[in-house]
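J.: Input file: coords.txt. Contents: compact mmCIF, C-alpha atoms.
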# COMPACT_ATOMS: atom_id res chain seq x y z
CA MET A 1 0.00 0.00 0.00
CA VAL A 2 2.82 2.37 0.95
CA LYS A 3 4.72 1.44 -2.22
CA LYS A 4 1.67 2.16 -4.37
CA PHE A 5 1.24 5.54 -2.70
CA ILE A 6 4.90 6.45 -3.30
CA LEU A 7 4.62 5.42 -6.97
CA LEU A 8 1.50 7.55 -7.33
CA LEU A 9 3.28 10.55 -5.83
CA LEU A 10 6.25 10.07 -8.20
CA ASN A 11 3.94 9.91 -11.21
CA ILE A 12 2.16 13.09 -10.15
CA ALA A 13 5.51 14.82 -9.66
CA LEU A 14 6.66 13.74 -13.14
CA LEU A 15 3.43 14.95 -14.70
CA LEU A 16 3.71 18.33 -13.01
CA THR A 17 7.35 18.72 -14.13
CA ALA A 18 6.55 17.87 -17.76
CA THR A 19 3.69 20.36 -17.78
CA SER A 20 5.93 23.04 -16.29
CA CYS A 21 8.72 22.47 -18.88
CA SER A 22 6.20 22.55 -21.72
CA ALA A 23 4.74 25.80 -20.45
CA GLN A 24 8.24 27.32 -20.17
CA ILE A 25 9.10 26.32 -23.74
CA GLU A 26 5.85 27.79 -25.05
CA GLU A 27 6.38 30.96 -23.06
CA SER A 28 9.94 31.21 -24.40
CA LYS A 29 8.67 31.01 -28.00
CA GLU A 30 6.01 33.64 -27.44
CA THR A 31 8.40 36.21 -25.97
CA ARG A 32 11.16 35.64 -28.56
CA SER A 33 11.98 38.97 -30.15
CA VAL A 34 12.20 37.88 -33.79
CA SER A 35 10.05 39.18 -36.61
CA ASP A 36 7.86 36.92 -38.72
CA GLU A 37 9.50 37.50 -42.12
CA GLU A 38 12.11 34.79 -42.73
CA ALA A 39 15.29 35.15 -44.78
CA PHE A 40 17.61 32.59 -46.45
CA THR A 41 14.84 30.04 -46.90
CA ASP A 42 16.22 28.80 -50.21
CA VAL A 43 19.82 27.95 -49.28
CA LYS A 44 21.53 25.23 -47.26
CA LEU A 45 24.08 26.07 -44.59
CA VAL A 46 27.55 24.63 -45.25
CA LYS A 47 30.34 25.11 -42.73
CA TRP A 48 33.24 24.52 -45.11
CA GLY A 49 36.41 24.78 -43.01
CA GLU A 50 37.56 26.03 -39.64
CA ALA A 51 39.47 29.12 -38.59
CA ASN A 52 41.41 29.78 -35.41
CA ARG A 53 41.32 33.36 -34.28
CA PHE A 54 42.82 35.55 -31.64
CA LEU A 55 39.96 35.73 -29.16
CA PRO A 56 39.35 38.07 -26.23
CA GLY A 57 38.91 36.58 -22.80
CA VAL A 58 37.14 39.54 -21.21
CA LEU A 59 35.53 42.81 -22.33
CA GLU A 60 38.67 44.80 -21.60
CA GLU A 61 40.65 42.66 -24.07
CA LEU A 62 37.89 43.00 -26.68
CA GLU A 63 37.90 46.79 -26.32
CA ASP A 64 41.68 46.82 -26.64
CA MET A 65 41.50 44.74 -29.86
CA SER A 66 38.88 47.05 -31.37
CA ASP A 67 39.63 49.96 -33.66
CA ALA A 68 35.95 50.92 -33.52
CA ILE A 69 33.08 50.21 -31.13
CA VAL A 70 29.75 51.34 -32.54
CA ILE A 71 26.07 50.69 -32.69
CA GLY A 72 25.16 50.32 -36.33
CA THR A 73 22.38 49.23 -38.64
CA PHE A 74 22.92 46.89 -41.57
CA VAL A 75 22.20 48.73 -44.81
CA GLY A 76 22.96 46.00 -47.34
CA ASP A 77 25.54 43.80 -49.01
CA THR A 78 27.71 45.52 -51.60
CA GLU A 79 29.85 42.69 -52.95
CA GLN A 80 30.40 38.97 -52.65
CA LYS A 81 33.86 37.66 -53.38
CA GLU A 82 35.59 34.31 -53.87
CA VAL A 83 39.29 34.37 -53.02
CA TYR A 84 41.70 32.02 -54.75
CA MET A 85 45.26 30.98 -54.01
CA TYR A 86 47.68 28.68 -55.84
CA ASP A 87 47.24 25.09 -54.74
CA TYR A 88 50.30 22.82 -55.13
CA GLN A 89 48.07 19.76 -54.73
CA VAL A 90 46.20 20.26 -57.99
CA GLU A 91 48.66 22.75 -59.48
CA ARG A 92 46.22 25.58 -60.05
CA ASP A 93 44.37 28.27 -58.12
CA THR A 94 41.69 26.94 -55.82
CA LEU A 95 39.17 28.65 -53.57
CA VAL A 96 40.47 29.52 -50.10
CA ASN A 97 37.99 32.05 -48.80
CA VAL A 98 34.56 33.54 -49.34
CA ILE A 99 33.79 37.11 -48.27
CA THR A 100 30.71 39.30 -48.32
CA TYR A 101 31.24 43.04 -48.01
CA SER A 102 28.50 45.12 -46.44
CA ASP A 103 27.59 48.65 -45.38
CA ILE A 104 26.73 49.49 -41.79
CA GLU A 105 25.26 52.87 -40.86
CA VAL A 106 26.56 54.18 -37.55
CA SER A 107 24.05 55.45 -34.96
CA LYS A 108 26.27 55.63 -31.87
CA VAL A 109 30.04 55.65 -31.33
CA PHE A 110 31.88 54.39 -28.26
CA LYS A 111 35.36 54.19 -29.80
CA GLY A 112 36.91 55.15 -33.13
CA ASP A 113 36.94 57.94 -35.67
CA PHE A 114 33.32 57.68 -36.75
CA LYS A 115 30.24 59.79 -36.17
CA GLU A 116 26.51 59.20 -36.39
CA GLY A 117 25.42 58.66 -39.98
CA ASP A 118 28.80 57.41 -41.22
CA ILE A 119 28.89 54.26 -43.33
CA ILE A 120 31.38 51.58 -42.28
CA LYS A 121 32.57 49.12 -44.88
CA SER A 122 32.49 45.71 -43.19
CA ALA A 123 33.31 42.15 -44.20
CA GLN A 124 32.27 38.69 -43.07
CA GLU A 125 33.50 35.32 -44.30
CA TYR A 126 30.50 33.88 -46.08
CA ALA A 127 28.97 33.74 -49.54
CA VAL A 128 25.96 32.24 -51.26
CA LEU A 129 27.26 29.82 -53.90
CA ASP A 130 25.08 27.42 -55.89
CA ASN A 131 22.15 27.60 -53.44
CA GLU A 132 24.49 27.00 -50.53
CA TYR A 133 25.35 29.42 -47.77
CA VAL A 134 29.07 28.70 -47.42
CA THR A 135 30.76 30.11 -44.35
CA PHE A 136 33.88 30.17 -42.19
CA SER A 137 32.16 32.45 -39.70
CA ASN A 138 30.07 31.59 -36.65
CA LEU A 139 28.09 34.79 -37.19
CA THR A 140 24.77 34.75 -38.98
CA PRO A 141 24.45 37.03 -41.99
CA MET A 142 23.15 40.49 -41.20
CA LEU A 143 19.72 41.42 -42.53
CA GLU A 144 18.54 44.82 -43.68
CA GLY A 145 17.42 46.97 -40.81
CA ASP A 146 18.97 44.82 -38.06
CA THR A 147 20.97 46.84 -35.53
CA TRP A 148 23.91 45.50 -33.54
CA LEU A 149 26.67 46.58 -31.18
CA PHE A 150 29.93 46.05 -33.06
CA PHE A 151 33.51 45.64 -31.91
CA LEU A 152 35.51 46.04 -35.12
CA PHE A 153 39.11 45.99 -36.30
CA ASN A 154 40.38 47.71 -39.41
CA ASN A 155 41.85 44.83 -41.41
CA TYR A 156 45.46 45.70 -42.25
CA ASP A 157 44.39 49.40 -42.29
CA SER A 158 42.44 48.74 -45.48
CA GLY A 159 39.33 50.59 -44.35
CA ILE A 160 37.44 47.28 -44.31
CA TYR A 161 36.28 46.32 -40.82
CA TYR A 162 35.80 42.83 -39.41
CA CYS A 163 34.20 41.78 -36.13
CA CYS A 164 36.89 41.12 -33.51
CA GLY A 165 37.18 37.40 -32.83
CA ASP A 166 34.34 36.81 -35.31
CA SER A 167 31.32 36.04 -33.10
CA ASP A 168 33.00 37.78 -30.15
CA GLY A 169 32.67 41.08 -32.01
CA ARG A 170 28.90 41.52 -32.55
CA TYR A 171 26.16 41.67 -29.92
CA PRO A 172 22.38 42.18 -29.93
CA ILE A 173 20.69 45.38 -28.88
CA LYS A 174 18.32 45.00 -25.95
CA ASP A 175 14.63 44.73 -26.91
CA PHE A 176 15.39 44.82 -30.66
CA THR A 177 13.28 42.61 -32.90
CA TYR A 178 15.52 40.69 -35.30
CA ARG A 179 14.35 39.23 -38.58
CA ARG A 180 13.86 35.47 -38.80
CA ASN A 181 16.63 33.54 -40.48
CA ALA A 182 15.99 30.04 -41.78
CA LEU A 183 19.64 29.13 -41.21
CA THR A 184 19.43 29.40 -37.42
CA GLU A 185 17.18 29.49 -34.39
CA ASN A 186 19.40 32.08 -32.73
CA GLU A 187 18.59 35.18 -34.80
CA ASP A 188 18.37 37.23 -31.63
CA LEU A 189 21.96 36.31 -30.74
CA GLY A 190 23.39 36.52 -34.25
CA VAL A 191 25.17 33.16 -34.19
CA PHE A 192 24.41 29.79 -35.76
CA GLU A 193 25.16 27.82 -32.61
CA LYS A 194 24.26 29.25 -29.23
CA GLU A 195 27.56 28.02 -27.76
CA ASN A 196 29.39 30.53 -29.98
CA PHE A 197 27.68 33.47 -28.29
CA ASN A 198 30.00 34.95 -25.68
CA GLU A 199 27.68 35.15 -22.68
CA ARG A 200 30.51 36.22 -20.38
CA ILE A 201 31.48 39.26 -22.39
CA TYR A 202 27.85 40.12 -23.14
CA GLY A 203 27.19 40.23 -19.41
CA GLU A 204 30.03 42.72 -19.01
CA ILE A 205 28.71 44.76 -21.95
CA LEU A 206 25.25 45.04 -20.41
CA GLU A 207 26.78 46.40 -17.21
CA LYS A 208 29.04 48.92 -18.91
CA TYR A 209 27.41 50.11 -22.13
CA ASP A 210 24.33 52.31 -22.37
CA PHE A 211 22.28 50.96 -25.26
CA MET B 1 27.50 -1.85 12.11
CA LYS B 2 29.67 1.27 12.23
CA LYS B 3 32.50 -0.55 10.42
CA ARG B 4 30.10 -1.70 7.72
CA ILE B 5 28.89 1.86 7.15
CA ILE B 6 32.47 3.18 6.97
CA SER B 7 33.47 0.42 4.52
CA PHE B 8 30.41 1.13 2.38
CA LEU B 9 31.08 4.87 2.31
CA THR B 10 34.75 4.27 1.49
CA ALA B 11 33.78 2.02 -1.40
CA ILE B 12 31.40 4.69 -2.72
CA ALA B 13 34.14 7.32 -2.41
CA VAL B 14 36.57 5.16 -4.39
CA VAL B 15 34.04 4.57 -7.16
CA VAL B 16 33.10 8.26 -7.39
CA ASN B 17 36.76 9.29 -7.40
CA PHE B 18 37.59 6.83 -10.14
CA ALA B 19 34.59 7.89 -12.22
CA GLY B 20 35.53 11.57 -11.79
CA ALA B 21 39.09 10.89 -13.00
CA THR B 22 37.92 9.20 -16.17
CA VAL B 23 37.41 11.38 -19.27
CA TYR B 24 35.45 9.98 -22.16
CA ALA B 25 35.69 11.22 -25.71
CA HIS B 26 32.40 11.88 -27.44
CA THR B 27 31.19 12.50 -30.96
CA GLY B 28 30.35 16.14 -30.24
CA ASP B 29 34.01 17.10 -30.59
CA ILE B 30 34.80 15.00 -33.68
CA TRP B 31 33.85 15.51 -37.31
CA ASN B 32 32.36 12.70 -39.35
CA GLY B 33 33.94 11.38 -42.54
CA LYS B 34 37.37 10.12 -43.45
CA TYR B 35 40.13 10.65 -45.97
CA ILE B 36 39.29 9.07 -49.28
CA TYR B 37 42.82 8.07 -50.29
CA ASN B 38 45.34 6.28 -48.10
CA SER B 39 48.10 8.23 -49.82
CA HIS B 40 46.62 11.41 -48.32
CA SER B 41 45.29 10.47 -44.95
CA GLN B 42 45.91 10.59 -41.25
CA LYS B 43 47.82 7.30 -41.47
CA ASP B 44 50.77 9.10 -43.02
CA LEU B 45 50.05 12.83 -42.73
CA LYS B 46 53.07 14.41 -44.39
CA LEU B 47 52.89 18.16 -43.96
CA ARG B 48 55.06 20.07 -46.39
CA ILE B 49 55.74 23.54 -45.01
CA THR B 50 56.00 25.75 -48.07
CA LYS B 51 58.46 28.61 -48.23
CA SER B 52 55.58 31.08 -47.84
CA ALA B 53 54.86 29.64 -44.38
CA GLN B 54 58.44 29.98 -43.15
CA THR B 55 59.56 33.19 -41.46
CA SER B 56 62.10 34.17 -38.83
CA PHE B 57 59.37 33.49 -36.27
CA MET B 58 57.53 30.56 -37.85
CA THR B 59 60.43 28.13 -37.88
CA GLU B 60 60.99 24.40 -38.04
CA GLU B 61 60.80 24.30 -34.25
CA VAL B 62 57.28 25.75 -34.38
CA TYR B 63 56.05 23.45 -37.14
CA LYS B 64 57.50 20.29 -35.63
CA SER B 65 55.22 20.85 -32.66
CA ALA B 66 52.65 18.96 -34.75
CA LEU B 67 54.49 15.74 -33.92
CA ALA B 68 52.67 15.96 -30.56
CA TRP B 69 49.84 14.13 -32.36
CA ASN B 70 52.00 11.01 -32.75
CA ASN B 71 52.14 7.96 -30.49
CA ILE B 72 48.49 8.30 -29.53
CA SER B 73 46.64 6.33 -32.19
CA SER B 74 48.28 3.56 -34.22
CA ASN B 75 46.37 4.88 -37.25
CA VAL B 76 47.78 8.40 -37.02
CA ASN B 77 51.27 9.47 -37.97
CA VAL B 78 52.25 13.08 -38.62
CA SER B 79 55.51 14.22 -40.17
CA VAL B 80 56.78 17.67 -41.11
CA ILE B 81 58.88 18.53 -44.15
CA MET B 82 60.42 21.99 -44.37
CA GLU B 83 60.48 22.98 -48.00
CA THR B 84 63.74 24.30 -49.37
CA THR B 85 64.47 26.02 -52.64
CA GLY B 86 64.58 23.52 -55.48
CA MET B 87 63.21 20.67 -53.35
CA PRO B 88 61.43 18.12 -55.55
CA SER B 89 57.75 17.43 -54.96
CA THR B 90 56.85 15.17 -52.05
CA SER B 91 54.56 12.30 -52.89
CA GLY B 92 51.41 12.09 -50.75
CA CYS B 93 51.97 15.29 -48.82
CA MET B 94 49.57 18.03 -47.82
CA TYR B 95 50.71 21.59 -47.94
CA VAL B 96 50.97 24.30 -45.32
CA TYR B 97 50.92 27.85 -46.68
CA GLY B 98 51.59 31.29 -45.31
CA ASN B 99 49.22 34.08 -46.26
CA ILE B 100 52.06 36.47 -47.00
CA VAL B 101 50.39 39.88 -47.13
CA ASP B 102 46.82 39.29 -48.22
CA GLY B 103 44.02 40.36 -45.96
CA GLU B 104 41.47 38.47 -47.98
CA ILE B 105 43.04 35.02 -47.57
CA LEU B 106 43.31 35.45 -43.82
CA ASP B 107 42.18 38.61 -42.06
CA GLU B 108 44.38 40.20 -39.43
CA GLY B 109 42.57 38.51 -36.56
CA THR B 110 42.79 34.97 -37.94
CA LEU B 111 45.73 32.90 -36.77
CA GLY B 112 45.19 30.00 -39.13
CA LYS B 113 42.70 28.10 -41.19
CA MET B 114 42.15 24.48 -42.24
CA ILE B 115 40.22 23.94 -45.46
CA PRO B 116 39.20 20.50 -46.81
CA TYR B 117 38.81 19.74 -50.54
CA ASP B 118 37.61 17.03 -52.85
CA SER B 119 39.95 15.37 -55.35
CA ASN B 120 39.36 18.12 -57.94
CA GLY B 121 40.45 20.86 -55.60
CA SER B 122 36.88 22.03 -55.21
CA ARG B 123 35.11 22.94 -52.01
CA LEU B 124 33.06 20.11 -50.63
CA PRO B 125 29.44 19.87 -51.74
CA GLY B 126 26.43 20.51 -49.55
CA ASP B 127 23.64 18.36 -48.10
CA ASP B 128 25.65 18.34 -44.93
CA SER B 129 28.32 20.54 -43.42
CA GLY B 130 31.46 20.33 -45.53
CA VAL B 131 33.65 19.47 -42.58
CA ASN B 132 31.65 16.28 -42.00
CA LYS B 133 32.14 14.98 -45.52
CA ASP B 134 34.89 12.63 -46.74
CA TRP B 135 37.97 14.66 -47.63
CA SER B 136 40.50 14.18 -50.39
CA TYR B 137 43.05 16.57 -48.93
CA VAL B 138 43.32 19.69 -46.80
CA ARG B 139 45.15 23.00 -46.94
CA ILE B 140 46.43 24.65 -43.82
CA ILE B 141 47.09 28.38 -44.05
CA ILE B 142 49.04 30.07 -41.29
CA ASN B 143 48.93 33.81 -40.74
CA THR B 144 52.57 34.68 -41.12
CA THR B 145 51.94 38.43 -41.33
CA THR B 146 50.04 38.75 -38.09
CA ALA B 147 52.16 36.26 -36.17
CA ASP B 148 54.50 38.76 -34.57
CA SER B 149 51.80 41.17 -33.42
CA SER B 150 49.21 38.66 -32.29
CA TYR B 151 51.62 36.48 -30.40
CA GLU B 152 53.11 39.52 -28.64
CA LYS B 153 49.94 39.62 -26.58
CA VAL B 154 50.65 36.26 -24.95
CA SER B 155 53.24 35.46 -22.34
CA ASN B 156 55.14 32.94 -24.47
CA PRO B 157 54.95 33.79 -28.19
CA THR B 158 56.81 30.75 -29.53
CA GLU B 159 54.68 28.36 -27.51
CA ALA B 160 51.55 30.16 -28.70
CA ALA B 161 52.63 29.76 -32.33
CA LYS B 162 53.16 26.05 -31.71
CA THR B 163 49.74 25.83 -30.06
CA ASN B 164 48.12 27.34 -33.12
CA PHE B 165 49.81 24.91 -35.50
CA ILE B 166 49.02 21.89 -33.32
CA HIS B 167 45.42 23.16 -33.33
CA GLU B 168 45.27 23.40 -37.13
CA VAL B 169 46.77 19.94 -37.55
CA GLY B 170 44.17 18.69 -35.09
CA HIS B 171 41.50 19.93 -37.50
CA ALA B 172 43.26 18.05 -40.30
CA LEU B 173 42.82 14.97 -38.09
CA LYS B 174 39.06 15.60 -38.04
CA LEU B 175 38.91 17.08 -34.54
CA SER B 176 36.52 20.01 -34.21
CA HIS B 177 36.34 22.89 -31.77
CA PRO B 178 34.90 21.30 -28.61
CA LYS B 179 31.28 22.04 -27.85
CA CYS B 180 30.52 24.22 -24.87
CA ASP B 181 28.35 21.88 -22.88
CA ILE B 182 28.78 21.16 -19.19
CA ASN B 183 26.88 17.90 -19.64
CA LEU B 184 29.57 16.40 -21.90
CA SER B 185 32.13 14.30 -20.12
CA GLY B 186 35.42 16.04 -19.53
CA HIS B 187 33.91 19.49 -20.20
CA THR B 188 34.78 20.80 -16.76
CA HIS B 189 36.00 24.33 -17.60
CA LEU B 190 32.75 26.29 -17.80
CA GLY B 191 31.42 23.75 -20.31
CA TYR B 192 34.69 23.33 -22.23
CA PRO B 193 37.26 20.56 -21.87
CA TYR B 194 40.91 21.39 -21.28
CA SER B 195 42.02 21.01 -24.89
CA VAL B 196 44.33 22.35 -27.58
CA MET B 197 41.31 22.23 -29.92
CA ASN B 198 39.59 25.08 -28.11
CA PRO B 199 39.83 28.20 -30.31
CA GLY B 200 42.11 31.05 -29.40
CA LEU B 201 45.34 31.08 -27.43
CA PRO B 202 46.03 30.11 -23.82
CA SER B 203 45.79 33.00 -21.37
CA LYS B 204 44.68 33.73 -17.83
CA TYR B 205 41.18 34.33 -19.20
CA LYS B 206 41.25 31.21 -21.39
CA GLU B 207 42.54 28.58 -19.05
CA HIS B 208 40.66 25.86 -20.97
CA VAL B 209 42.98 26.32 -23.96
CA SER B 210 45.86 23.89 -23.65
CA TYR B 211 49.31 24.69 -25.06
CA THR B 212 49.61 21.20 -26.48
CA VAL B 213 47.72 17.93 -26.96
CA ALA B 214 45.78 17.24 -23.75
CA LEU B 215 44.07 14.13 -22.42
CA HIS B 216 40.74 15.08 -23.96
CA ASP B 217 42.42 15.53 -27.36
CA LYS B 218 44.09 12.14 -27.13
CA GLN B 219 40.83 10.44 -26.28
CA CYS B 220 39.02 12.18 -29.14
CA LEU B 221 41.80 11.13 -31.52
CA ASN B 222 41.50 7.53 -30.41
CA ALA B 223 37.73 7.67 -30.62
CA LYS B 224 38.03 8.91 -34.21
CA TRP B 225 40.83 6.78 -35.63
CA GLY B 226 41.20 3.91 -33.13
CA ALA B 227 43.71 3.28 -30.40
Would you put the structure from the file into structure tokens?
T.:
Amino acid sequence: MVKKFILLLLNIALLLTATSCSAQIEESKETRSVSDEEAFTDVKLVKWGEANRFLPGVLEELEDMSDAIVIGTFVGDTEQKEVYMYDYQVERDTLVNVITYSDIEVSKVFKGDFKEGDIIKSAQEYAVLDNEYVTFSNLTPMLEGDTWLFFLFNNYDSGIYYCCGDSDGRYPIKDFTYRRNALTENEDLGVFEKENFNERIYGEILEKYDF
Amino acid sequence: MKKRIISFLTAIAVVVNFAGATVYAHTGDIWNGKYIYNSHSQKDLKLRITKSAQTSFMTEEVYKSALAWNNISSNVNVSVIMETTGMPSTSGCMYVYGNIVDGEILDEGTLGKMIPYDSNGSRLPGDDSGVNKDWSYVRIIINTTTADSSYEKVSNPTEAAKTNFIHEVGHALKLSHPKCDINLSGHTHLGYPYSVMNPGLPSKYKEHVSYTVALHDKQCLNAKWGA
């Protein structure tokens, strides 16, 4: 009799837990700040190779690495490029990188020689090739109108800016509604895999930056 | 009765201690697929360091750090060949390149890159992530222009350069960046394992990045290619 009562209690507890988790998941979906219009629905994501980058450990290191720290809005892509280099294996040039160049309109400056309204030329290592979204970056592609906090370096003083440490160099704006992206479920973080979002540094950013 | 309880608790403690000391490799940190040709595979991974990859800083000492991957799996053997002027081609080798001064091959913040190809020298096709496909060969590109400035930021520049190359060769052996997941065995550093395959360089803020092949790396290598 006692055993039956204990089993009954356990079953009730399990039922209550499952209901609670389900409710939390539903609540999470409802409060997700992502717009309904979805982009990149007609391409497949292909992570082609892997890069190792100099990465910041804390916000102070990230700020030190940055030539510019701004809040900016993605205006649009300007050019997509395939980069080739001689390959001794097959004795001809083969593809070594894919880059998309974009314009970002500055709305607020924390560091760097920019002012509100300036356009920054930025770059990210991805391209759409043959219905595939090919990438070396952990960052999702930016979509028109989306606004981010950027930590950027001026690549070899070329005037083209990259995000420091790739996914360590771009962060979401609080309460901003990001467009849906079919390539990821993490549009509001701006990364394909949630583990690539630097929670530690983002926590420091929220404490220090007014945005 | 007291003795029995003490013996029981001691036994539990031994089991827990043993279990805690054991690190298991898992598929989350390994890419799928294999090398298509034995002549270009992990069994005899001959890395030819082209002249473009050799500088006063990136020396034979740095590149031979990749030999740390040997004597772990009987199906993995790495060797390093420093290219000299006029050296004839090396059969079955894979090449390591420097980016010289080209910000579009590697940007200033990228220490190195590993890129797999099919037998035609083309990028791998879709349907699945390219890194999880079967590879014909790989290219490793090392940032020789940024080396001096990036490595200045770390306490031991030469060791950091070695770490980066060991890391890139690890990718050539189908080891991925470890997942950040505290539920994976061995991932005891805020969800990461202590591993040379973690991205970035070792520092006081990145204590989970190992300077060389660590236990977790060895176990992943064995899980991938056999003991």
J.: Which of these residues is nearest to B:Leu221, using only C-alpha atoms: B:Leu67, B:Met87, B:Ile30, B:Ile105?
T.: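 That would be B:Ile30, the residue with the smallest distance to B:Leu221.
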J.: My list of candidates is A:Tyr162, A:Val70, A:Lys121, A:Asn52. Which is closest to B:Val196 when distances are computed with only C-alpha atoms?
T.: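 Ranking A:Tyr162, A:Val70, A:Lys121, A:Asn52 by distance to B:Val196, first place goes to A:Asn52.
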J.: Residues of chain B within 7 Å of chain A, counting all atoms listed in the file, what are they? List them as JSON, numbers by chain.
T.: {"B": [103, 104, 105, 107, 108, 109, 110, 111, 112, 113, 114, 115, 116, 121, 122, 126, 128, 129, 130, 131, 180, 199, 200, 201, 205, 206]}
J.: Keeping C-alpha atoms, export the residues of the selection given above as a PDB file, in the frame of the given file.
T.:
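Written out: out.pdb:
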ATOM      1  CA  GLY B 103      44.020  40.360 -45.960  1.00  0.00           C
ATOM      2  CA  GLU B 104      41.470  38.470 -47.980  1.00  0.00           C
ATOM      3  CA  ILE B 105      43.040  35.020 -47.570  1.00  0.00           C
ATOM      4  CA  ASP B 107      42.180  38.610 -42.060  1.00  0.00           C
ATOM      5  CA  GLU B 108      44.380  40.200 -39.430  1.00  0.00           C
ATOM      6  CA  GLY B 109      42.570  38.510 -36.560  1.00  0.00           C
ATOM      7  CA  THR B 110      42.790  34.970 -37.940  1.00  0.00           C
ATOM      8  CA  LEU B 111      45.730  32.900 -36.770  1.00  0.00           C
ATOM      9  CA  GLY B 112      45.190  30.000 -39.130  1.00  0.00           C
ATOM     10  CA  LYS B 113      42.700  28.100 -41.190  1.00  0.00           C
ATOM     11  CA  MET B 114      42.150  24.480 -42.240  1.00  0.00           C
ATOM     12  CA  ILE B 115      40.220  23.940 -45.460  1.00  0.00           C
ATOM     13  CA  PRO B 116      39.200  20.500 -46.810  1.00  0.00           C
ATOM     14  CA  GLY B 121      40.450  20.860 -55.600  1.00  0.00           C
ATOM     15  CA  SER B 122      36.880  22.030 -55.210  1.00  0.00           C
ATOM     16  CA  GLY B 126      26.430  20.510 -49.550  1.00  0.00           C
ATOM     17  CA  ASP B 128      25.650  18.340 -44.930  1.00  0.00           C
ATOM     18  CA  SER B 129      28.320  20.540 -43.420  1.00  0.00           C
ATOM     19  CA  GLY B 130      31.460  20.330 -45.530  1.00  0.00           C
ATOM     20  CA  VAL B 131      33.650  19.470 -42.580  1.00  0.00           C
ATOM     21  CA  CYS B 180      30.520  24.220 -24.870  1.00  0.00           C
ATOM     22  CA  PRO B 199      39.830  28.200 -30.310  1.00  0.00           C
ATOM     23  CA  GLY B 200      42.110  31.050 -29.400  1.00  0.00           C
ATOM     24  CA  LEU B 201      45.340  31.080 -27.430  1.00  0.00           C
ATOM     25  CA  TYR B 205      41.180  34.330 -19.200  1.00  0.00           C
ATOM     26  CA  LYS B 206      41.250  31.210 -21.390  1.00  0.00           C
TER      27      LYS B 206
END
J.: Go through B:Ile142, B:Ile36, B:Met197, B:Leu45 and flag the residue nearest B:Ser210, using all atoms listed in the file for the distances.
T.: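 Checking each of B:Ile142, B:Ile36, B:Met197, B:Leu45 against B:Ser210, counting all atoms listed in the file, the winner is B:Met197.
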J.: Can you tell me how far atom CA of A:Ile69 sits from atom CA of A:Lys111, in Å to one decimal?
T.: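 Computing it gives 4.8 Å between the two atoms.
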J.: For atom CA of B:Asn38 and atom CA of B:Ser136, determine how far apart the two atoms are, in Å to one decimal place.
T.: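 Taking atom CA of B:Asn38 and atom CA of B:Ser136, their separation equals 9.5 Å.
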J.: Compare A:Glu105, A:Glu60, A:Glu187, A:Asp118 by their minimum atom-to-atom distance to A:Met142, counting all atoms listed in the file, and give me the closest one.
T.: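 Once distances to A:Met142 are computed over all atoms listed in the file, the minimum belongs to A:Glu187.
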J.: Would you list the contacts of B:Thr50 as a ChimeraX atom specification, taking every protein, DNA or RNA residue within 7 Å and counting only C-alpha atoms, but skipping same-chain residues closer than 2 positions in sequence?
T.: /B:48,52-54,82-83,95-97
J.: Could you tell me how far atom CA of B:Gly98 sits from atom CA of B:Asp44, in Å to one decimal place?
T.: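 Interatomic distance, atom CA of B:Asp44 to atom CA of B:Gly98: 22.3 Å.
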J.: Take the point (59.4, 23.5, -30.1) in the file's coordinates, draw a sphere of radius 8 Å around it, and report as a list in words every protein, DNA or RNA residue with an atom inside or on it, counting all atoms listed in the file.
T.: Glu61, Val62, Tyr63, Lys64, Ser65, Thr158, Glu159 and Lys162 of chain B
J.: If you count all atoms listed in the file, which residues fall within 10 Å of A:Ile205, apart from same-chain ones fewer than 3 positions away, as a list in words?
T.: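 Surrounding residues, per the criterion: Val58, Leu59, Glu60, Leu149, Tyr171, Glu199, Arg200, Ile201, Tyr202, Lys208, Tyr209, Asp210 and Phe211 of chain A.
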J.: May I have the residues from that selection written out with C-alpha atoms, as an mmCIF file, keeping the file's coordinate frame?
T.:
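Listing of part_26.cif after writing:
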data_model
loop_
_atom_site.group_PDB
_atom_site.id
_atom_site.type_symbol
_atom_site.label_atom_id
_atom_site.label_comp_id
_atom_site.auth_asym_id
_atom_site.auth_seq_id
_atom_site.Cartn_x
_atom_site.Cartn_y
_atom_site.Cartn_z
ATOM 1 C CA VAL A 58 37.140 39.540 -21.210
ATOM 2 C CA LEU A 59 35.530 42.810 -22.330
ATOM 3 C CA GLU A 60 38.670 44.800 -21.600
ATOM 4 C CA LEU A 149 26.670 46.580 -31.180
ATOM 5 C CA TYR A 171 26.160 41.670 -29.920
ATOM 6 C CA GLU A 199 27.680 35.150 -22.680
ATOM 7 C CA ARG A 200 30.510 36.220 -20.380
ATOM 8 C CA ILE A 201 31.480 39.260 -22.390
ATOM 9 C CA TYR A 202 27.850 40.120 -23.140
ATOM 10 C CA LYS A 208 29.040 48.920 -18.910
ATOM 11 C CA TYR A 209 27.410 50.110 -22.130
ATOM 12 C CA ASP A 210 24.330 52.310 -22.370
ATOM 13 C CA PHE A 211 22.280 50.960 -25.260
#
J.: Show which residues sit within 7 Å of B:Leu47, as a PDB file with C-alpha atoms, in the frame of the given file. Count all atoms listed in the file, and ignore same-chain residues fewer than 6 positions away.
T.:
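The new file selection03.pdb reads:
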ATOM      1  CA  SER B  79      55.510  14.220 -40.170  1.00  0.00           C
ATOM      2  CA  VAL B  80      56.780  17.670 -41.110  1.00  0.00           C
ATOM      3  CA  ILE B  81      58.880  18.530 -44.150  1.00  0.00           C
ATOM      4  CA  CYS B  93      51.970  15.290 -48.820  1.00  0.00           C
ATOM      5  CA  MET B  94      49.570  18.030 -47.820  1.00  0.00           C
ATOM      6  CA  TYR B  95      50.710  21.590 -47.940  1.00  0.00           C
ATOM      7  CA  VAL B  96      50.970  24.300 -45.320  1.00  0.00           C
TER       8      VAL B  96
END
